[in-house]
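Dumped work.pdb below, it's PDB, C-alpha atoms:
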ATOM      1  CA  MET H 106      -1.058  19.534 -19.628
ATOM      2  CA  LYS H 107      -4.799  19.346 -18.927
ATOM      3  CA  LEU H 108      -6.824  16.268 -18.034
ATOM      4  CA  PHE H 109     -10.543  16.423 -18.762
ATOM      5  CA  GLY H 110     -12.237  13.950 -16.468
ATOM      6  CA  TYR H 111     -14.743  13.288 -13.735
ATOM      7  CA  PHE H 112     -13.945  12.151 -10.232
ATOM      8  CA  ARG H 113     -16.102   9.002 -10.460
ATOM      9  CA  SER H 114     -14.966   8.047 -13.958
ATOM     10  CA  SER H 115     -12.831   4.927 -13.650
ATOM     11  CA  ALA H 116     -11.282   5.666 -17.049
ATOM     12  CA  ALA H 117     -10.150   9.112 -15.859
ATOM     13  CA  PHE H 118      -9.005   7.518 -12.583
ATOM     14  CA  ARG H 119      -6.680   5.254 -14.602
ATOM     15  CA  VAL H 120      -5.026   8.186 -16.318
ATOM     16  CA  ARG H 121      -4.617  10.079 -13.024
ATOM     17  CA  ILE H 122      -2.757   7.071 -11.607
ATOM     18  CA  ALA H 123      -0.489   6.835 -14.659
ATOM     19  CA  LEU H 124       0.358  10.542 -14.556
ATOM     20  CA  ASN H 125       1.074  10.305 -10.825
ATOM     21  CA  LEU H 126       3.326   7.267 -11.242
ATOM     22  CA  LYS H 127       5.296   9.182 -13.875
ATOM     23  CA  GLY H 128       5.527  12.250 -11.619
ATOM     24  CA  LEU H 129       3.805  14.433 -14.223
ATOM     25  CA  SER H 130       1.818  17.473 -13.149
ATOM     26  CA  TYR H 131      -1.428  18.367 -14.889
ATOM     27  CA  GLU H 132      -4.345  20.737 -14.585
ATOM     28  CA  PRO H 133      -7.622  18.896 -13.871
ATOM     29  CA  GLN H 134     -10.625  19.985 -15.924
ATOM     30  CA  MET H 135     -13.854  18.606 -14.487
ATOM     31  CA  ILE H 136     -16.536  17.474 -16.922
ATOM     32  CA  ASN H 137     -19.681  16.711 -14.937
ATOM     33  CA  LEU H 138     -21.046  13.465 -16.343
ATOM     34  CA  SER H 139     -24.016  13.494 -13.972
ATOM     35  CA  SER H 140     -25.283  16.841 -15.262
ATOM     36  CA  GLY H 141     -24.658  16.002 -18.934
ATOM     37  CA  GLU H 142     -21.797  18.451 -19.402
ATOM     38  CA  HIS H 143     -20.010  15.849 -21.542
ATOM     39  CA  LEU H 144     -22.746  16.311 -24.156
ATOM     40  CA  SER H 145     -22.402  20.085 -24.313
ATOM     41  CA  ASP H 146     -21.324  21.703 -27.585
ATOM     42  CA  LYS H 147     -18.209  23.003 -25.860
ATOM     43  CA  PHE H 148     -16.988  19.586 -24.796
ATOM     44  CA  LEU H 149     -18.126  17.819 -27.973
ATOM     45  CA  ALA H 150     -15.866  20.240 -29.870
ATOM     46  CA  ILE H 151     -12.994  18.716 -27.868
ATOM     47  CA  ASN H 152     -14.156  15.106 -28.035
ATOM     48  CA  PRO H 153     -16.985  14.324 -30.482
ATOM     49  CA  GLN H 154     -17.599  11.046 -28.637
ATOM     50  CA  GLY H 155     -18.537  12.961 -25.498
ATOM     51  CA  ARG H 156     -16.437  10.762 -23.228
ATOM     52  CA  VAL H 157     -13.724  11.316 -20.647
ATOM     53  CA  PRO H 158     -10.809  11.246 -20.198
ATOM     54  CA  VAL H 159      -9.173  13.568 -22.669
ATOM     55  CA  LEU H 160      -5.539  14.511 -22.173
ATOM     56  CA  GLN H 161      -4.632  17.849 -23.731
ATOM     57  CA  ILE H 162      -0.989  18.774 -24.208
ATOM     58  CA  ASP H 163      -0.502  22.144 -25.863
ATOM     59  CA  LYS H 164      -2.777  21.886 -28.920
ATOM     60  CA  GLU H 165      -2.728  18.077 -29.121
ATOM     61  CA  GLU H 166      -5.569  16.013 -27.642
ATOM     62  CA  PHE H 167      -5.486  12.318 -26.763
ATOM     63  CA  PHE H 168      -8.512  10.063 -26.244
ATOM     64  CA  GLN H 169      -9.389   6.675 -24.699
ATOM     65  CA  SER H 170      -7.692   5.813 -21.436
ATOM     66  CA  LEU H 171      -5.616   2.833 -22.602
ATOM     67  CA  SER H 172      -4.245   4.760 -25.565
ATOM     68  CA  ILE H 173      -3.487   7.737 -23.312
ATOM     69  CA  ILE H 174      -1.661   5.545 -20.791
ATOM     70  CA  GLU H 175       0.444   3.882 -23.490
ATOM     71  CA  TYR H 176       1.236   7.293 -24.986
ATOM     72  CA  ILE H 177       2.359   8.523 -21.568
ATOM     73  CA  ASP H 178       4.527   5.424 -21.149
ATOM     74  CA  GLU H 179       6.178   5.944 -24.543
ATOM     75  CA  LYS H 180       6.661   9.681 -24.102
ATOM     76  CA  TRP H 181       7.987   9.445 -20.537
ATOM     77  CA  PRO H 182       9.488   5.932 -20.334
ATOM     78  CA  GLU H 183      10.633   6.039 -16.718
ATOM     79  CA  PRO H 184       9.411   4.349 -14.650
ATOM     80  CA  PRO H 185       8.046   1.864 -17.202
ATOM     81  CA  LEU H 186       4.414   0.815 -16.852
ATOM     82  CA  LEU H 187       4.614  -2.255 -19.103
ATOM     83  CA  PRO H 188       6.966  -5.254 -18.735
ATOM     84  CA  ASN H 189      10.189  -5.323 -20.722
ATOM     85  CA  ASP H 190       9.431  -8.570 -22.570
ATOM     86  CA  ALA H 191       6.868  -9.024 -25.356
ATOM     87  CA  GLU H 192       5.147 -11.895 -23.537
ATOM     88  CA  GLY H 193       4.759  -9.836 -20.371
ATOM     89  CA  ARG H 194       3.407  -6.856 -22.304
ATOM     90  CA  ALA H 195       0.885  -9.094 -24.091
ATOM     91  CA  PHE H 196      -0.288 -10.538 -20.762
ATOM     92  CA  ALA H 197      -0.609  -7.093 -19.174
ATOM     93  CA  ARG H 198      -2.622  -5.824 -22.133
ATOM     94  CA  SER H 199      -4.885  -8.886 -22.057
ATOM     95  CA  ILE H 200      -5.836  -8.264 -18.417
ATOM     96  CA  ALA H 201      -6.269  -4.556 -19.150
ATOM     97  CA  ASN H 202      -8.594  -5.416 -22.021
ATOM     98  CA  ILE H 203     -10.741  -7.710 -19.864
ATOM     99  CA  ILE H 204     -11.300  -4.754 -17.573
ATOM    100  CA  ALA H 205     -11.517  -1.947 -20.114
ATOM    101  CA  CYS H 206     -13.294  -3.779 -22.937
ATOM    102  CA  ASP H 207     -15.412  -6.430 -21.220
ATOM    103  CA  ILE H 208     -16.317  -5.283 -17.683
ATOM    104  CA  HIS H 209     -16.294  -1.502 -17.891
ATOM    105  CA  PRO H 210     -18.332  -0.873 -21.076
ATOM    106  CA  LEU H 211     -21.270  -2.867 -19.716
ATOM    107  CA  ASN H 212     -21.273  -0.929 -16.463
ATOM    108  CA  ASN H 213     -20.388   2.650 -17.364
ATOM    109  CA  LEU H 214     -22.672   5.569 -16.576
ATOM    110  CA  ALA H 215     -24.163   5.791 -20.074
ATOM    111  CA  VAL H 216     -25.258   2.145 -19.975
ATOM    112  CA  LEU H 217     -26.635   2.395 -16.432
ATOM    113  CA  LYS H 218     -28.625   5.497 -17.362
ATOM    114  CA  TYR H 219     -30.006   3.749 -20.449
ATOM    115  CA  LEU H 220     -31.075   0.768 -18.368
ATOM    116  CA  SER H 221     -32.940   3.062 -15.976
ATOM    117  CA  SER H 222     -34.372   5.769 -18.191
ATOM    118  CA  VAL H 223     -35.108   3.926 -21.441
ATOM    119  CA  LEU H 224     -35.521   0.259 -20.514
ATOM    120  CA  LYS H 225     -37.114   1.144 -17.142
ATOM    121  CA  VAL H 226     -34.960  -1.313 -15.206
ATOM    122  CA  ASP H 227     -35.436  -0.769 -11.463
ATOM    123  CA  GLU H 228     -32.579  -0.112  -9.039
ATOM    124  CA  GLU H 229     -32.397  -3.675  -7.744
ATOM    125  CA  ARG H 230     -32.194  -5.239 -11.180
ATOM    126  CA  ARG H 231     -29.713  -2.616 -12.335
ATOM    127  CA  SER H 232     -27.445  -3.525  -9.404
ATOM    128  CA  GLU H 233     -27.775  -7.206 -10.283
ATOM    129  CA  TRP H 234     -26.688  -6.358 -13.834
ATOM    130  CA  TYR H 235     -23.648  -4.474 -12.565
ATOM    131  CA  GLN H 236     -22.641  -7.161 -10.082
ATOM    132  CA  HIS H 237     -23.022  -9.964 -12.642
ATOM    133  CA  TRP H 238     -20.525  -8.483 -15.097
ATOM    134  CA  VAL H 239     -18.025  -7.593 -12.378
ATOM    135  CA  ASP H 240     -18.194 -11.111 -10.961
ATOM    136  CA  GLN H 241     -17.776 -12.688 -14.399
ATOM    137  CA  GLY H 242     -14.814 -10.496 -15.338
ATOM    138  CA  PHE H 243     -13.063 -10.606 -11.966
ATOM    139  CA  SER H 244     -13.394 -14.420 -11.851
ATOM    140  CA  ALA H 245     -11.222 -14.614 -14.970
ATOM    141  CA  VAL H 246      -8.807 -11.898 -13.834
ATOM    142  CA  GLU H 247      -8.361 -13.570 -10.439
ATOM    143  CA  LYS H 248      -7.392 -16.917 -12.005
ATOM    144  CA  LEU H 249      -5.045 -15.345 -14.532
ATOM    145  CA  LEU H 250      -3.278 -13.157 -11.974
ATOM    146  CA  LYS H 251      -2.955 -16.014  -9.499
ATOM    147  CA  LYS H 252      -0.899 -17.948 -12.081
ATOM    148  CA  LYS H 253       1.499 -15.037 -12.533
ATOM    149  CA  ASN H 254       1.558 -13.493  -9.081
ATOM    150  CA  LYS H 255       4.271 -15.247  -7.090
ATOM    151  CA  ASN H 256       4.064 -13.376  -3.799
ATOM    152  CA  PHE H 257       4.545 -10.070  -5.611
ATOM    153  CA  ARG H 258       3.212  -6.900  -4.042
ATOM    154  CA  PHE H 259       1.551  -5.884  -7.295
ATOM    155  CA  SER H 260       0.124  -7.672 -10.309
ATOM    156  CA  LEU H 261       3.382  -8.521 -12.097
ATOM    157  CA  GLY H 262       6.101  -7.574  -9.646
ATOM    158  CA  ASN H 263       7.090  -5.414  -6.727
ATOM    159  CA  VAL H 264       6.478  -2.124  -8.504
ATOM    160  CA  PRO H 265       3.024  -1.072  -9.793
ATOM    161  CA  GLY H 266       2.314  -1.176 -13.496
ATOM    162  CA  PHE H 267      -0.207  -1.300 -16.317
ATOM    163  CA  ILE H 268      -2.520  -3.958 -14.862
ATOM    164  CA  ASP H 269      -2.679  -2.233 -11.477
ATOM    165  CA  ILE H 270      -3.608   1.061 -13.143
ATOM    166  CA  LEU H 271      -6.646  -0.663 -14.699
ATOM    167  CA  LEU H 272      -7.534  -2.913 -11.796
ATOM    168  CA  ILE H 273      -7.734  -0.464  -8.893
ATOM    169  CA  PRO H 274     -10.397   1.865 -10.385
ATOM    170  CA  GLN H 275     -12.513  -1.180 -11.250
ATOM    171  CA  VAL H 276     -12.286  -2.403  -7.648
ATOM    172  CA  PHE H 277     -13.383   1.050  -6.457
ATOM    173  CA  ASN H 278     -16.420   0.833  -8.717
ATOM    174  CA  ALA H 279     -17.193  -2.692  -7.549
ATOM    175  CA  GLN H 280     -17.094  -1.552  -3.920
ATOM    176  CA  ARG H 281     -19.357   1.391  -4.693
ATOM    177  CA  PHE H 282     -21.960  -0.958  -6.189
ATOM    178  CA  ASN H 283     -21.703  -3.431  -3.289
ATOM    179  CA  CYS H 284     -20.197  -6.254  -5.325
ATOM    180  CA  ASN H 285     -19.120  -9.290  -3.338
ATOM    181  CA  LEU H 286     -15.339  -9.482  -3.740
ATOM    182  CA  ALA H 287     -14.734 -12.238  -1.183
ATOM    183  CA  ASN H 288     -13.822 -14.767  -3.877
ATOM    184  CA  PHE H 289     -10.984 -12.656  -5.261
ATOM    185  CA  PRO H 290      -8.129 -12.773  -2.695
ATOM    186  CA  THR H 291      -5.386 -11.996  -5.227
ATOM    187  CA  ILE H 292      -7.244  -8.927  -6.486
ATOM    188  CA  ASN H 293      -7.947  -7.806  -2.913
ATOM    189  CA  ASP H 294      -4.300  -8.187  -1.886
ATOM    190  CA  ILE H 295      -3.101  -6.202  -4.918
ATOM    191  CA  PHE H 296      -5.685  -3.505  -4.206
ATOM    192  CA  ALA H 297      -4.492  -3.186  -0.590
ATOM    193  CA  GLU H 298      -0.867  -2.829  -1.674
ATOM    194  CA  CYS H 299      -1.655  -0.290  -4.386
ATOM    195  CA  MET H 300      -3.577   1.912  -1.979
ATOM    196  CA  LYS H 301      -0.428   2.221   0.128
ATOM    197  CA  VAL H 302       1.201   3.996  -2.838
ATOM    198  CA  GLU H 303       0.750   7.765  -3.008
ATOM    199  CA  ALA H 304       0.174   7.774  -6.774
ATOM    200  CA  PHE H 305      -2.939   5.623  -6.310
ATOM    201  CA  GLU H 306      -4.174   7.302  -3.139
ATOM    202  CA  LYS H 307      -3.940  10.791  -4.668
ATOM    203  CA  ALA H 308      -5.812   9.630  -7.769
ATOM    204  CA  GLN H 309      -8.796   8.094  -5.999
ATOM    205  CA  PRO H 310     -12.227   9.742  -6.430
ATOM    206  CA  SER H 311     -12.603  11.130  -2.908
ATOM    207  CA  ARG H 312      -9.310  13.031  -3.250
ATOM    208  CA  GLN H 313     -10.443  14.981  -6.325
ATOM    209  CA  PRO H 314     -11.560  18.623  -5.885
ATOM    210  CA  GLU H 315     -15.010  18.067  -7.395
ATOM    211  CA  ALA H 316     -15.759  15.249  -4.917
ATOM    212  CA  LEU H 317     -16.339  17.944  -2.302
ATOM    213  CA  GLU H 318     -18.773  19.777  -4.564
ATOM    214  CA  ILE H 319     -20.872  16.922  -5.954
ATOM    215  CA  ASP H 320     -22.704  14.220  -4.029
TER     216      ASP H 320
END

C-alpha cells encoding of this file:
Amino acid sequence: MKLFGYFRSSAAFRVRIALNLKGLSYEPQMINLSSGEHLSDKFLAINPQGRVPVLQIDKEEFFQSLSIIEYIDEKWPEPPLLPNDAEGRAFARSIANIIACDIHPLNNLAVLKYLSSVLKVDEERRSEWYQHWVDQGFSAVEKLLKKKNKNFRFSLGNVPGFIDILLIPQVFNAQRFNCNLANFPTINDIFAECMKVEAFEKAQPSRQPEALEID
C-alpha cells in the first residue's frame, strides 16, 4: 500500500489519520506540491487531476480523500469510522462535506497560488480571504456539533471517527494561517482530545519525513 501525498496537504492528512486508526501500514510517497511535482508527467499518469492524495494498493489506485476514507472503512470495517445508524452517517457526512467541499476548496494551495500569481492579491488580502472562509464554515460546524456533542470526547462519541478525521487537518490549516478560533470552543475541545490519540499525532504534518526536508 502506497500513499501519494504531501505533508501540508490536509486531504492527505485525513487519509493518514484514517489509515492509522485502522492500524494499516503504508509506504508514503511524497509529491511536492510547492515545487509543482504534482503537475509532472509522471504523477499525472497516476492521477490526471494532479491532486493528492492517491492511495495505491497493488495495481489499483483510489482518488479523493473522502472516497478513499470510505473505501478504507468498507474494506477494513474495524474499528468503524462512521456511525452505525443511517441518521448518524448522514450527519457525519454532512459535516465532512462542509469541510471538504465548502471550506477546503476555497483555501487549497492551487487557489491561493492563483490569487497571488494571477489575480495579484497581496499577502494581507490573501490571508483575509483564507480566514473569512474558515470562519464562515467553522461557525456552522461549531453550532451543528454543539447540538450533537453531549460531553463526548470526540465529535460523535468517545471514540474518534469520520468527522474528527476531517476536522483536525482543517484546524491545523486554520492555525497555520492565524485564524481566530476563539469562538469555536467545541471544535477546540475536540481538537485537543484528538491530538492525545497516537493515530492523529503520528499523522500531523510535522511528523512526516518530508517536513524535515522542506521549509

Test item: residues at most 10 Å from Ser232 in chain H, all atoms listed in the file, excluding those fewer than 6 positions along its chain, as a PyMOL selection string: chain H and resi 212+217+226+282-284

Gap from CA of Asn137 in chain H to CA of Tyr111 in chain H - Å, one decimal: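 CA of Tyr111 in chain H lies 6.1 Å from CA of Asn137 in chain H.
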
CA of Glu142 in chain H to CA of Gln275 in chain H, distance in Å rounded to a single decimal: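 Here the two named atoms are 23.2 Å from each other.
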
Counting all atoms listed in the file, the option among H:Pro210, H:Pro290, H:Pro158, H:Pro314 closest to Ser172 in chain H: H:Pro158

Shortest interatomic distance to Lys251 in chain H - which of H:Asn189, H:Gln309, H:Gln154, H:Asn293, counting all atoms listed in the file: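 Counting all atoms listed in the file, the residue closest to Lys251 in chain H is H:Asn293.
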
Residue neighbourhood Lys301 in chain H, 12 Å, all atoms listed in the file, exclusion window fewer than 4 positions, as a ChimeraX atom specification: /H:258-259,264-265,273,294-297,305-307,309

Using all atoms listed in the file: which of H:Phe148, H:Trp181, H:Phe109, H:Phe118 has the shortest distance to Gln161 in chain H: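 Among the listed residues, the smallest separation from Gln161 in chain H belongs to H:Phe109.
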
Which residue of H:Cys206, H:Leu214, H:Ala191, H:Ile122 approaches Gly141 in chain H most closely, using only C-alpha atoms: H:Leu214

CA of Ser199 in chain H to CA of Pro133 in chain H, straight-line distance in Å: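 The value is 29.1 Å.
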
Nearest to Ile203 in chain H by atom-to-atom distance, counting all atoms listed in the file, from H:Ala117, H:Leu160, H:Ile268, H:Ile151: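 The closest residue to Ile203 in chain H is H:Ile268.
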
Proximity to Arg231 in chain H - best of H:Lys252, H:Lys180, H:Lys218, H:Lys164, all atoms listed in the file: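 That would be H:Lys218, the residue with the smallest distance to Arg231 in chain H.
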
Resolved residues for the PyMOL selection byres ((chain H and resi 138) around 10) as JSON, numbers by chain: {"H": [110, 111, 112, 113, 114, 135, 136, 137, 139, 140, 141, 142, 143, 144, 155, 156, 157, 214, 215]}

Go ahead and dump the residues you just picked, C-alpha atoms, as a CSV table (one decimal), in the coordinates of the input.
chain,number,residue,atom,x,y,z
H,110,GLY,CA,-12.2,14.0,-16.5
H,111,TYR,CA,-14.7,13.3,-13.7
H,112,PHE,CA,-13.9,12.2,-10.2
H,113,ARG,CA,-16.1,9.0,-10.5
H,114,SER,CA,-15.0,8.0,-14.0
H,135,MET,CA,-13.9,18.6,-14.5
H,136,ILE,CA,-16.5,17.5,-16.9
H,137,ASN,CA,-19.7,16.7,-14.9
H,139,SER,CA,-24.0,13.5,-14.0
H,140,SER,CA,-25.3,16.8,-15.3
H,141,GLY,CA,-24.7,16.0,-18.9
H,142,GLU,CA,-21.8,18.5,-19.4
H,143,HIS,CA,-20.0,15.8,-21.5
H,144,LEU,CA,-22.7,16.3,-24.2
H,155,GLY,CA,-18.5,13.0,-25.5
H,156,ARG,CA,-16.4,10.8,-23.2
H,157,VAL,CA,-13.7,11.3,-20.6
H,214,LEU,CA,-22.7,5.6,-16.6
H,215,ALA,CA,-24.2,5.8,-20.1

Residues within 12 Å of Pro274 in chain H, all atoms listed in the file, excluding chain neighbours under 2 positions, as number ranges by chain: H: 112-123, 201, 204-205, 208-209, 268-272, 276-281, 292, 296, 299-300, 305-306, 308-310

Generate a file of the selected residues that holds C-alpha atoms, formatted as a short mmCIF file (atom, residue, chain, number, x, y, z; two decimals), keeping the file's coordinate frame.
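What follows is the written file selection.cif:
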data_model
loop_
_atom_site.label_atom_id
_atom_site.label_comp_id
_atom_site.auth_asym_id
_atom_site.auth_seq_id
_atom_site.Cartn_x
_atom_site.Cartn_y
_atom_site.Cartn_z
CA PHE H 112 -13.94 12.15 -10.23
CA ARG H 113 -16.10 9.00 -10.46
CA SER H 114 -14.97 8.05 -13.96
CA SER H 115 -12.83 4.93 -13.65
CA ALA H 116 -11.28 5.67 -17.05
CA ALA H 117 -10.15 9.11 -15.86
CA PHE H 118 -9.01 7.52 -12.58
CA ARG H 119 -6.68 5.25 -14.60
CA VAL H 120 -5.03 8.19 -16.32
CA ARG H 121 -4.62 10.08 -13.02
CA ILE H 122 -2.76 7.07 -11.61
CA ALA H 123 -0.49 6.84 -14.66
CA ALA H 201 -6.27 -4.56 -19.15
CA ILE H 204 -11.30 -4.75 -17.57
CA ALA H 205 -11.52 -1.95 -20.11
CA ILE H 208 -16.32 -5.28 -17.68
CA HIS H 209 -16.29 -1.50 -17.89
CA ILE H 268 -2.52 -3.96 -14.86
CA ASP H 269 -2.68 -2.23 -11.48
CA ILE H 270 -3.61 1.06 -13.14
CA LEU H 271 -6.65 -0.66 -14.70
CA LEU H 272 -7.53 -2.91 -11.80
CA VAL H 276 -12.29 -2.40 -7.65
CA PHE H 277 -13.38 1.05 -6.46
CA ASN H 278 -16.42 0.83 -8.72
CA ALA H 279 -17.19 -2.69 -7.55
CA GLN H 280 -17.09 -1.55 -3.92
CA ARG H 281 -19.36 1.39 -4.69
CA ILE H 292 -7.24 -8.93 -6.49
CA PHE H 296 -5.68 -3.50 -4.21
CA CYS H 299 -1.66 -0.29 -4.39
CA MET H 300 -3.58 1.91 -1.98
CA PHE H 305 -2.94 5.62 -6.31
CA GLU H 306 -4.17 7.30 -3.14
CA ALA H 308 -5.81 9.63 -7.77
CA GLN H 309 -8.80 8.09 -6.00
CA PRO H 310 -12.23 9.74 -6.43
#
